[in-house]
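Coordinates from input.tsv are shown below (TSV, N, CA and C atoms).
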```tsv
chain	number	residue	atom	x	y	z
A	1	MET	N	-18.74	39.70	177.92
A	1	MET	CA	-18.79	41.12	177.67
A	1	MET	C	-19.89	41.39	176.64
A	2	GLU	N	-20.66	42.41	176.89
A	2	GLU	CA	-21.75	42.80	175.99
A	2	GLU	C	-21.21	43.55	174.78
A	3	GLY	N	-21.96	43.52	173.69
A	3	GLY	CA	-21.53	44.17	172.46
A	3	GLY	C	-21.41	45.67	172.59
A	4	GLU	N	-22.34	46.29	173.31
A	4	GLU	CA	-22.32	47.75	173.46
A	4	GLU	C	-21.12	48.19	174.30
A	5	GLU	N	-20.82	47.42	175.35
A	5	GLU	CA	-19.66	47.74	176.19
A	5	GLU	C	-18.37	47.57	175.38
A	6	ALA	N	-18.34	46.55	174.55
A	6	ALA	CA	-17.15	46.32	173.71
A	6	ALA	C	-16.97	47.46	172.72
A	7	LYS	N	-18.07	47.94	172.14
A	7	LYS	CA	-17.98	49.06	171.20
A	7	LYS	C	-17.45	50.31	171.89
A	8	LEU	N	-17.92	50.56	173.11
A	8	LEU	CA	-17.45	51.73	173.85
A	8	LEU	C	-15.95	51.62	174.16
A	9	LEU	N	-15.50	50.43	174.55
A	9	LEU	CA	-14.08	50.25	174.86
A	9	LEU	C	-13.19	50.49	173.64
A	10	LEU	N	-13.69	50.13	172.47
A	10	LEU	CA	-12.89	50.33	171.26
A	10	LEU	C	-13.12	51.70	170.62
A	11	GLY	N	-13.99	52.51	171.22
A	11	GLY	CA	-14.16	53.88	170.76
A	11	GLY	C	-15.27	54.10	169.77
A	12	PHE	N	-16.21	53.18	169.67
A	12	PHE	CA	-17.35	53.33	168.77
A	12	PHE	C	-18.56	53.83	169.54
A	13	PRO	N	-19.48	54.52	168.87
A	13	PRO	CA	-20.74	54.89	169.53
A	13	PRO	C	-21.54	53.63	169.90
A	14	PRO	N	-22.38	53.71	170.92
A	14	PRO	CA	-23.06	52.51	171.43
A	14	PRO	C	-23.92	51.76	170.40
A	15	HIS	N	-24.66	52.43	169.56
A	15	HIS	CA	-25.57	51.75	168.65
A	15	HIS	C	-25.05	51.74	167.21
A	16	SER	N	-23.76	51.78	167.05
A	16	SER	CA	-23.17	51.76	165.70
A	16	SER	C	-22.97	50.32	165.25
A	17	HIS	N	-22.72	50.17	163.97
A	17	HIS	CA	-22.46	48.85	163.37
A	17	HIS	C	-21.14	48.92	162.62
A	18	PRO	N	-20.01	48.83	163.32
A	18	PRO	CA	-18.72	48.94	162.64
A	18	PRO	C	-18.43	47.70	161.79
A	19	SER	N	-17.74	47.92	160.70
A	19	SER	CA	-17.33	46.81	159.84
A	19	SER	C	-16.16	46.07	160.48
A	20	PRO	N	-15.89	44.85	160.03
A	20	PRO	CA	-14.75	44.12	160.60
A	20	PRO	C	-13.42	44.86	160.45
A	21	SER	N	-13.25	45.57	159.34
A	21	SER	CA	-11.99	46.31	159.16
A	21	SER	C	-11.91	47.49	160.13
A	22	GLN	N	-13.03	48.14	160.41
A	22	GLN	CA	-13.04	49.23	161.39
A	22	GLN	C	-12.75	48.71	162.79
A	23	VAL	N	-13.30	47.54	163.12
A	23	VAL	CA	-13.05	46.93	164.43
A	23	VAL	C	-11.56	46.61	164.56
A	24	LYS	N	-10.99	46.04	163.52
A	24	LYS	CA	-9.58	45.67	163.56
A	24	LYS	C	-8.68	46.90	163.70
A	25	THR	N	-9.00	47.96	162.96
A	25	THR	CA	-8.22	49.19	163.03
A	25	THR	C	-8.31	49.82	164.43
A	26	ALA	N	-9.51	49.86	164.98
A	26	ALA	CA	-9.68	50.43	166.32
A	26	ALA	C	-8.95	49.58	167.36
A	27	TYR	N	-9.01	48.26	167.20
A	27	TYR	CA	-8.31	47.37	168.13
A	27	TYR	C	-6.80	47.61	168.09
A	28	LYS	N	-6.24	47.69	166.89
A	28	LYS	CA	-4.80	47.92	166.77
A	28	LYS	C	-4.40	49.24	167.41
A	29	SER	N	-5.21	50.26	167.21
A	29	SER	CA	-4.92	51.57	167.78
A	29	SER	C	-4.96	51.52	169.31
A	30	LYS	N	-6.00	50.91	169.86
A	30	LYS	CA	-6.15	50.84	171.32
A	30	LYS	C	-5.07	49.97	171.95
A	31	VAL	N	-4.73	48.87	171.29
A	31	VAL	CA	-3.69	47.99	171.81
A	31	VAL	C	-2.36	48.71	171.85
A	32	TRP	N	-2.09	49.47	170.82
A	32	TRP	CA	-0.84	50.23	170.78
A	32	TRP	C	-0.77	51.24	171.93
A	33	ASP	N	-1.91	51.88	172.21
A	33	ASP	CA	-1.94	52.88	173.28
A	33	ASP	C	-1.87	52.27	174.67
A	34	THR	N	-2.40	51.08	174.86
A	34	THR	CA	-2.52	50.52	176.22
A	34	THR	C	-1.63	49.31	176.46
A	35	HIS	N	-0.68	49.03	175.59
A	35	HIS	CA	0.17	47.86	175.80
A	35	HIS	C	0.98	48.02	177.08
A	36	PRO	N	1.01	47.00	177.94
A	36	PRO	CA	1.68	47.10	179.24
A	36	PRO	C	3.18	47.40	179.17
A	37	ASP	N	3.83	47.02	178.10
A	37	ASP	CA	5.27	47.26	177.99
A	37	ASP	C	5.61	48.73	177.79
A	38	ARG	N	4.62	49.53	177.48
A	38	ARG	CA	4.87	50.97	177.25
A	38	ARG	C	4.73	51.79	178.53
A	39	PHE	N	4.38	51.14	179.64
A	39	PHE	CA	4.15	51.86	180.89
A	39	PHE	C	5.24	51.55	181.90
A	40	PRO	N	5.47	52.47	182.84
A	40	PRO	CA	6.46	52.19	183.90
A	40	PRO	C	5.94	51.06	184.83
A	41	PRO	N	6.83	50.45	185.60
A	41	PRO	CA	6.44	49.29	186.42
A	41	PRO	C	5.29	49.55	187.39
A	42	HIS	N	5.20	50.75	187.96
A	42	HIS	CA	4.14	50.99	188.94
A	42	HIS	C	2.76	51.15	188.28
A	43	LEU	N	2.68	51.38	186.97
A	43	LEU	CA	1.40	51.48	186.26
A	43	LEU	C	1.10	50.25	185.39
A	44	LYS	N	1.99	49.28	185.44
A	44	LYS	CA	1.87	48.13	184.55
A	44	LYS	C	0.63	47.27	184.83
A	45	SER	N	0.27	47.07	186.10
A	45	SER	CA	-0.88	46.21	186.42
A	45	SER	C	-2.18	46.81	185.90
A	46	ASN	N	-2.33	48.12	186.01
A	46	ASN	CA	-3.52	48.79	185.49
A	46	ASN	C	-3.56	48.69	183.96
A	47	ALA	N	-2.40	48.84	183.33
A	47	ALA	CA	-2.33	48.75	181.87
A	47	ALA	C	-2.63	47.32	181.40
A	48	GLU	N	-2.18	46.32	182.15
A	48	GLU	CA	-2.48	44.93	181.79
A	48	GLU	C	-3.98	44.66	181.85
A	49	HIS	N	-4.63	45.19	182.90
A	49	HIS	CA	-6.08	45.01	183.02
A	49	HIS	C	-6.81	45.66	181.85
A	50	ARG	N	-6.41	46.86	181.52
A	50	ARG	CA	-7.04	47.58	180.39
A	50	ARG	C	-6.77	46.85	179.07
A	51	PHE	N	-5.56	46.35	178.91
A	51	PHE	CA	-5.18	45.61	177.69
A	51	PHE	C	-6.04	44.35	177.55
A	52	LYS	N	-6.25	43.64	178.64
A	52	LYS	CA	-7.09	42.43	178.59
A	52	LYS	C	-8.54	42.76	178.26
A	53	LEU	N	-9.04	43.87	178.80
A	53	LEU	CA	-10.41	44.28	178.48
A	53	LEU	C	-10.55	44.61	176.99
A	54	ILE	N	-9.58	45.28	176.43
A	54	ILE	CA	-9.63	45.64	175.01
A	54	ILE	C	-9.53	44.39	174.15
A	55	SER	N	-8.69	43.45	174.54
A	55	SER	CA	-8.58	42.20	173.79
A	55	SER	C	-9.88	41.42	173.84
A	56	GLU	N	-10.53	41.41	175.01
A	56	GLU	CA	-11.82	40.73	175.15
A	56	GLU	C	-12.90	41.43	174.31
A	57	ALA	N	-12.87	42.75	174.27
A	57	ALA	CA	-13.84	43.50	173.47
A	57	ALA	C	-13.65	43.20	171.99
A	58	TYR	N	-12.41	43.12	171.56
A	58	TYR	CA	-12.13	42.80	170.15
A	58	TYR	C	-12.63	41.39	169.82
A	59	ALA	N	-12.38	40.44	170.71
A	59	ALA	CA	-12.84	39.07	170.47
A	59	ALA	C	-14.37	39.02	170.40
A	60	CYS	N	-15.02	39.79	171.25
A	60	CYS	CA	-16.49	39.83	171.26
A	60	CYS	C	-17.03	40.40	169.96
A	61	LEU	N	-16.48	41.52	169.51
A	61	LEU	CA	-16.97	42.15	168.28
A	61	LEU	C	-16.58	41.34	167.04
A	62	ARG	N	-15.41	40.74	167.07
A	62	ARG	CA	-14.97	39.95	165.93
A	62	ARG	C	-15.85	38.73	165.76
A	63	SER	N	-16.19	38.05	166.85
A	63	SER	CA	-17.04	36.87	166.75
A	63	SER	C	-18.45	37.26	166.33
A	64	ALA	N	-18.91	38.43	166.74
A	64	ALA	CA	-20.25	38.86	166.35
A	64	ALA	C	-20.30	39.21	164.87
A	65	SER	N	-19.24	39.77	164.31
A	65	SER	CA	-19.28	40.19	162.92
A	65	SER	C	-19.04	39.03	161.96
A	66	TYR	N	-18.39	37.95	162.43
A	66	TYR	CA	-18.11	36.83	161.55
A	66	TYR	C	-19.00	35.62	161.81
A	67	SER	N	-20.03	35.77	162.61
A	67	SER	CA	-20.84	34.61	162.98
A	67	SER	C	-21.53	33.97	161.78
A	68	LYS	N	-21.96	34.75	160.80
A	68	LYS	CA	-22.64	34.17	159.64
A	68	LYS	C	-21.69	33.35	158.78
A	69	VAL	N	-20.47	33.81	158.61
A	69	VAL	CA	-19.51	33.10	157.79
A	69	VAL	C	-19.09	31.80	158.47
A	70	VAL	N	-18.88	31.84	159.78
A	70	VAL	CA	-18.44	30.65	160.50
A	70	VAL	C	-19.55	29.62	160.55
A	71	ARG	N	-20.79	30.05	160.71
A	71	ARG	CA	-21.90	29.13	160.83
A	71	ARG	C	-22.12	28.35	159.55
A	72	SER	N	-22.06	29.02	158.40
A	72	SER	CA	-22.36	28.35	157.14
A	72	SER	C	-21.11	27.84	156.44
A	73	GLY	N	-19.94	28.20	156.90
A	73	GLY	CA	-18.71	27.76	156.25
A	73	GLY	C	-18.24	28.78	155.24
A	74	VAL	N	-19.03	29.02	154.22
A	74	VAL	CA	-18.72	30.03	153.22
A	74	VAL	C	-20.01	30.75	152.86
A	75	PRO	N	-19.93	32.03	152.54
A	75	PRO	CA	-21.15	32.71	152.12
A	75	PRO	C	-21.59	32.20	150.75
A	76	ARG	N	-22.87	31.97	150.59
A	76	ARG	CA	-23.40	31.45	149.34
A	76	ARG	C	-24.24	32.51	148.65
A	77	ALA	N	-24.06	32.62	147.36
A	77	ALA	CA	-24.79	33.63	146.60
A	77	ALA	C	-26.24	33.21	146.40
A	78	CYS	N	-26.47	31.97	146.00
A	78	CYS	CA	-27.83	31.51	145.68
A	78	CYS	C	-28.37	30.55	146.72
A	79	GLY	N	-27.57	30.13	147.65
A	79	GLY	CA	-28.03	29.22	148.68
A	79	GLY	C	-28.04	27.78	148.26
A	80	SER	N	-27.48	27.45	147.11
A	80	SER	CA	-27.48	26.06	146.67
A	80	SER	C	-26.10	25.48	146.86
A	81	GLY	N	-26.05	24.20	147.16
A	81	GLY	CA	-24.77	23.53	147.34
A	81	GLY	C	-24.55	22.45	146.32
A	82	GLY	N	-25.25	22.49	145.17
A	82	GLY	CA	-25.19	21.44	144.18
A	82	GLY	C	-24.02	21.53	143.23
A	83	HIS	N	-23.21	22.56	143.34
A	83	HIS	CA	-22.11	22.75	142.40
A	83	HIS	C	-20.77	22.33	142.98
A	84	ARG	N	-20.79	21.49	143.99
A	84	ARG	CA	-19.53	21.07	144.61
A	84	ARG	C	-18.70	20.24	143.65
A	85	ALA	N	-19.35	19.43	142.82
A	85	ALA	CA	-18.60	18.60	141.86
A	85	ALA	C	-17.90	19.48	140.83
A	86	LEU	N	-18.54	20.58	140.45
A	86	LEU	CA	-17.91	21.48	139.48
A	86	LEU	C	-16.69	22.17	140.09
A	87	ILE	N	-16.72	22.37	141.38
A	87	ILE	CA	-15.60	23.00	142.04
A	87	ILE	C	-14.48	21.98	142.27
A	88	ALA	N	-14.84	20.75	142.63
A	88	ALA	CA	-13.85	19.73	142.96
A	88	ALA	C	-13.20	19.12	141.72
A	89	ALA	N	-13.88	19.12	140.59
A	89	ALA	CA	-13.36	18.46	139.38
A	89	ALA	C	-12.02	19.02	138.91
A	90	PRO	N	-11.83	20.33	138.83
A	90	PRO	CA	-10.52	20.82	138.40
A	90	PRO	C	-9.38	20.40	139.32
A	91	PHE	N	-9.62	20.39	140.61
A	91	PHE	CA	-8.58	19.98	141.54
A	91	PHE	C	-8.25	18.51	141.37
A	92	LEU	N	-9.26	17.70	141.16
A	92	LEU	CA	-9.04	16.27	140.93
A	92	LEU	C	-8.24	16.06	139.65
A	93	LEU	N	-8.55	16.80	138.61
A	93	LEU	CA	-7.81	16.69	137.36
A	93	LEU	C	-6.35	17.13	137.53
A	94	ILE	N	-6.13	18.16	138.30
A	94	ILE	CA	-4.77	18.63	138.54
A	94	ILE	C	-3.96	17.55	139.27
A	95	VAL	N	-4.54	16.95	140.29
A	95	VAL	CA	-3.84	15.92	141.05
A	95	VAL	C	-3.55	14.71	140.17
A	96	LEU	N	-4.54	14.24	139.42
A	96	LEU	CA	-4.34	13.07	138.57
A	96	LEU	C	-3.32	13.33	137.47
A	97	SER	N	-3.35	14.50	136.87
A	97	SER	CA	-2.37	14.79	135.82
A	97	SER	C	-0.97	14.92	136.39
A	98	THR	N	-0.84	15.45	137.59
A	98	THR	CA	0.47	15.54	138.23
A	98	THR	C	1.04	14.15	138.51
A	99	VAL	N	0.20	13.26	139.00
A	99	VAL	CA	0.64	11.89	139.27
A	99	VAL	C	1.02	11.19	137.97
A	100	ALA	N	0.22	11.34	136.93
A	100	ALA	CA	0.51	10.69	135.65
A	100	ALA	C	1.79	11.24	135.03
A	101	PHE	N	1.96	12.53	135.07
A	101	PHE	CA	3.16	13.15	134.52
A	101	PHE	C	4.40	12.71	135.29
A	102	GLY	N	4.31	12.68	136.61
A	102	GLY	CA	5.42	12.21	137.43
A	102	GLY	C	5.76	10.76	137.14
A	103	GLY	N	4.73	9.93	136.96
A	103	GLY	CA	4.96	8.52	136.64
A	103	GLY	C	5.66	8.35	135.30
A	104	SER	N	5.29	9.15	134.31
A	104	SER	CA	5.94	9.04	133.01
A	104	SER	C	7.39	9.49	133.07
A	105	ILE	N	7.69	10.49	133.86
A	105	ILE	CA	9.07	10.95	134.02
A	105	ILE	C	9.91	9.87	134.71
A	106	VAL	N	9.36	9.23	135.72
A	106	VAL	CA	10.08	8.18	136.43
A	106	VAL	C	10.35	7.01	135.50
A	107	THR	N	9.36	6.62	134.71
A	107	THR	CA	9.53	5.50	133.78
A	107	THR	C	10.61	5.82	132.75
A	108	ARG	N	10.58	7.02	132.20
A	108	ARG	CA	11.56	7.43	131.21
A	108	ARG	C	12.98	7.44	131.79
A	109	SER	N	13.12	7.98	133.00
A	109	SER	CA	14.46	8.02	133.62
A	109	SER	C	14.94	6.62	133.96
A	110	TYR	N	14.05	5.71	134.35
A	110	TYR	CA	14.44	4.34	134.64
A	110	TYR	C	14.94	3.65	133.37
A	111	LYS	N	14.26	3.86	132.25
A	111	LYS	CA	14.69	3.26	130.98
A	111	LYS	C	16.04	3.80	130.54
A	112	ARG	N	16.25	5.12	130.70
A	112	ARG	CA	17.54	5.71	130.34
A	112	ARG	C	18.67	5.15	131.19
A	113	GLN	N	18.44	5.02	132.48
A	113	GLN	CA	19.46	4.48	133.36
A	113	GLN	C	19.74	3.02	133.03
A	114	LYS	N	18.71	2.27	132.68
A	114	LYS	CA	18.89	0.86	132.33
A	114	LYS	C	19.71	0.71	131.05
A	115	GLU	N	19.48	1.65	130.09
A	115	GLU	CA	20.26	1.62	128.86
A	115	GLU	C	21.71	2.06	129.10
A	116	ALA	N	21.90	3.03	129.96
A	116	ALA	CA	23.25	3.55	130.21
A	116	ALA	C	24.09	2.59	131.03
A	117	TYR	N	23.49	1.90	131.97
A	117	TYR	CA	24.20	0.97	132.83
A	117	TYR	C	23.51	-0.38	132.81
A	118	PRO	N	23.76	-1.17	131.76
A	118	PRO	CA	23.08	-2.48	131.66
A	118	PRO	C	23.59	-3.43	132.75
A	119	SER	N	22.69	-4.22	133.24
A	119	SER	CA	23.02	-5.19	134.26
A	119	SER	C	23.36	-6.53	133.61
A	120	HIS	N	24.46	-7.15	134.03
A	120	HIS	CA	24.84	-8.44	133.50
A	120	HIS	C	24.40	-9.56	134.42
A	121	ASN	N	23.70	-9.19	135.47
A	121	ASN	CA	23.20	-10.18	136.40
A	121	ASN	C	21.89	-10.71	135.87
A	122	PRO	N	21.72	-12.02	135.66
A	122	PRO	CA	20.48	-12.56	135.10
A	122	PRO	C	19.30	-12.47	136.04
A	123	PHE	N	19.54	-12.20	137.36
A	123	PHE	CA	18.44	-12.15	138.31
A	123	PHE	C	17.86	-10.74	138.47
A	124	LEU	N	18.53	-9.73	137.92
A	124	LEU	CA	18.03	-8.35	137.99
A	124	LEU	C	17.32	-8.01	136.70
A	125	PRO	N	16.38	-7.14	136.74
A	125	PRO	CA	15.65	-6.78	135.49
A	125	PRO	C	16.51	-6.01	134.50
```

Now, as a test, write the supplied structure out as structure tokens.
Amino acid sequence: MEGEEAKLLLGFPPHSHPSPSQVKTAYKSKVWDTHPDRFPPHLKSNAEHRFKLISEAYACLRSASYSKVVRSGVPRACGSGGHRALIAAPFLLIVLSTVAFGGSIVTRSYKRQKEAYPSHNPFLP
């Protein structure tokens, strides 16, 4: 489906540039109006065809508006990717501190249990 045809199906002028939120709002409105469950059985097949066309138009416009974000992964302000270590470092510190803190809690609880219930078996620690 062409972009201009998709815009017409969703109710936009042919040479307009709707934002993603406008596309989503128009799609929700059109889907609500043309959903096949809202029509009697003898008109259901026509409504299903119209519903599929509107869904295809939405998919076409949505992919066109998000193509830059999907292609690059994330939008970049300066175009540099050298700050990945600065972004990853806090997460690494969070994970390591969580593991260390959990290990200290386990060690402390093991010592408390060992003191509370001493083993008289010489083969157990």

Expected answer as a PyMOL selection string: alpha helix (DSSP H) residues in segment 16-74 of chain A: chain A and resi 20-34+44-65+67-72

Using the selection just defined, write its residues with N, CA and C atoms as a CSV table (one decimal), keeping the file's coordinate frame.
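Contents of result-v6.csv, as written:
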```csv
chain,number,residue,atom,x,y,z
A,20,PRO,N,-15.9,44.8,160.0
A,20,PRO,CA,-14.8,44.1,160.6
A,20,PRO,C,-13.4,44.9,160.4
A,21,SER,N,-13.2,45.6,159.3
A,21,SER,CA,-12.0,46.3,159.2
A,21,SER,C,-11.9,47.5,160.1
A,22,GLN,N,-13.0,48.1,160.4
A,22,GLN,CA,-13.0,49.2,161.4
A,22,GLN,C,-12.8,48.7,162.8
A,23,VAL,N,-13.3,47.5,163.1
A,23,VAL,CA,-13.0,46.9,164.4
A,23,VAL,C,-11.6,46.6,164.6
A,24,LYS,N,-11.0,46.0,163.5
A,24,LYS,CA,-9.6,45.7,163.6
A,24,LYS,C,-8.7,46.9,163.7
A,25,THR,N,-9.0,48.0,163.0
A,25,THR,CA,-8.2,49.2,163.0
A,25,THR,C,-8.3,49.8,164.4
A,26,ALA,N,-9.5,49.9,165.0
A,26,ALA,CA,-9.7,50.4,166.3
A,26,ALA,C,-9.0,49.6,167.4
A,27,TYR,N,-9.0,48.3,167.2
A,27,TYR,CA,-8.3,47.4,168.1
A,27,TYR,C,-6.8,47.6,168.1
A,28,LYS,N,-6.2,47.7,166.9
A,28,LYS,CA,-4.8,47.9,166.8
A,28,LYS,C,-4.4,49.2,167.4
A,29,SER,N,-5.2,50.3,167.2
A,29,SER,CA,-4.9,51.6,167.8
A,29,SER,C,-5.0,51.5,169.3
A,30,LYS,N,-6.0,50.9,169.9
A,30,LYS,CA,-6.2,50.8,171.3
A,30,LYS,C,-5.1,50.0,172.0
A,31,VAL,N,-4.7,48.9,171.3
A,31,VAL,CA,-3.7,48.0,171.8
A,31,VAL,C,-2.4,48.7,171.8
A,32,TRP,N,-2.1,49.5,170.8
A,32,TRP,CA,-0.8,50.2,170.8
A,32,TRP,C,-0.8,51.2,171.9
A,33,ASP,N,-1.9,51.9,172.2
A,33,ASP,CA,-1.9,52.9,173.3
A,33,ASP,C,-1.9,52.3,174.7
A,34,THR,N,-2.4,51.1,174.9
A,34,THR,CA,-2.5,50.5,176.2
A,34,THR,C,-1.6,49.3,176.5
A,44,LYS,N,2.0,49.3,185.4
A,44,LYS,CA,1.9,48.1,184.6
A,44,LYS,C,0.6,47.3,184.8
A,45,SER,N,0.3,47.1,186.1
A,45,SER,CA,-0.9,46.2,186.4
A,45,SER,C,-2.2,46.8,185.9
A,46,ASN,N,-2.3,48.1,186.0
A,46,ASN,CA,-3.5,48.8,185.5
A,46,ASN,C,-3.6,48.7,184.0
A,47,ALA,N,-2.4,48.8,183.3
A,47,ALA,CA,-2.3,48.8,181.9
A,47,ALA,C,-2.6,47.3,181.4
A,48,GLU,N,-2.2,46.3,182.2
A,48,GLU,CA,-2.5,44.9,181.8
A,48,GLU,C,-4.0,44.7,181.8
A,49,HIS,N,-4.6,45.2,182.9
A,49,HIS,CA,-6.1,45.0,183.0
A,49,HIS,C,-6.8,45.7,181.8
A,50,ARG,N,-6.4,46.9,181.5
A,50,ARG,CA,-7.0,47.6,180.4
A,50,ARG,C,-6.8,46.8,179.1
A,51,PHE,N,-5.6,46.4,178.9
A,51,PHE,CA,-5.2,45.6,177.7
A,51,PHE,C,-6.0,44.4,177.6
A,52,LYS,N,-6.2,43.6,178.6
A,52,LYS,CA,-7.1,42.4,178.6
A,52,LYS,C,-8.5,42.8,178.3
A,53,LEU,N,-9.0,43.9,178.8
A,53,LEU,CA,-10.4,44.3,178.5
A,53,LEU,C,-10.6,44.6,177.0
A,54,ILE,N,-9.6,45.3,176.4
A,54,ILE,CA,-9.6,45.6,175.0
A,54,ILE,C,-9.5,44.4,174.2
A,55,SER,N,-8.7,43.4,174.5
A,55,SER,CA,-8.6,42.2,173.8
A,55,SER,C,-9.9,41.4,173.8
A,56,GLU,N,-10.5,41.4,175.0
A,56,GLU,CA,-11.8,40.7,175.2
A,56,GLU,C,-12.9,41.4,174.3
A,57,ALA,N,-12.9,42.8,174.3
A,57,ALA,CA,-13.8,43.5,173.5
A,57,ALA,C,-13.6,43.2,172.0
A,58,TYR,N,-12.4,43.1,171.6
A,58,TYR,CA,-12.1,42.8,170.2
A,58,TYR,C,-12.6,41.4,169.8
A,59,ALA,N,-12.4,40.4,170.7
A,59,ALA,CA,-12.8,39.1,170.5
A,59,ALA,C,-14.4,39.0,170.4
A,60,CYS,N,-15.0,39.8,171.2
A,60,CYS,CA,-16.5,39.8,171.3
A,60,CYS,C,-17.0,40.4,170.0
A,61,LEU,N,-16.5,41.5,169.5
A,61,LEU,CA,-17.0,42.2,168.3
A,61,LEU,C,-16.6,41.3,167.0
A,62,ARG,N,-15.4,40.7,167.1
A,62,ARG,CA,-15.0,40.0,165.9
A,62,ARG,C,-15.8,38.7,165.8
A,63,SER,N,-16.2,38.0,166.8
A,63,SER,CA,-17.0,36.9,166.8
A,63,SER,C,-18.4,37.3,166.3
A,64,ALA,N,-18.9,38.4,166.7
A,64,ALA,CA,-20.2,38.9,166.4
A,64,ALA,C,-20.3,39.2,164.9
A,65,SER,N,-19.2,39.8,164.3
A,65,SER,CA,-19.3,40.2,162.9
A,65,SER,C,-19.0,39.0,162.0
A,67,SER,N,-20.0,35.8,162.6
A,67,SER,CA,-20.8,34.6,163.0
A,67,SER,C,-21.5,34.0,161.8
A,68,LYS,N,-22.0,34.8,160.8
A,68,LYS,CA,-22.6,34.2,159.6
A,68,LYS,C,-21.7,33.4,158.8
A,69,VAL,N,-20.5,33.8,158.6
A,69,VAL,CA,-19.5,33.1,157.8
A,69,VAL,C,-19.1,31.8,158.5
A,70,VAL,N,-18.9,31.8,159.8
A,70,VAL,CA,-18.4,30.6,160.5
A,70,VAL,C,-19.6,29.6,160.6
A,71,ARG,N,-20.8,30.0,160.7
A,71,ARG,CA,-21.9,29.1,160.8
A,71,ARG,C,-22.1,28.4,159.6
A,72,SER,N,-22.1,29.0,158.4
A,72,SER,CA,-22.4,28.4,157.1
A,72,SER,C,-21.1,27.8,156.4
```

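With atom CA of Gln22 of chain A on one side and atom CA of Leu61 of chain A on the other, the separation reads 10.6 Å.
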
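With atom C of Pro13 of chain A on one side and atom CA of His49 of chain A on the other, the separation reads 22.0 Å.
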
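Going from atom C of Pro20 of chain A over to atom CA of Tyr58 of chain A, you cover 10.0 Å.
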
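With distances restricted to only C-alpha atoms, A:Ala57 is the closest residue to Glu2 of chain A from A:Ala57, A:Pro18, A:Lys114, A:Ser45.
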
All residues 12 Å or closer to His17 of chain A, only C-alpha atoms, same chain fewer than 4 positions away omitted, as a VMD selection string: chain A and resid 3 to 4 6 to 8 12 to 13 21 to 23 61 to 62 64 to 65
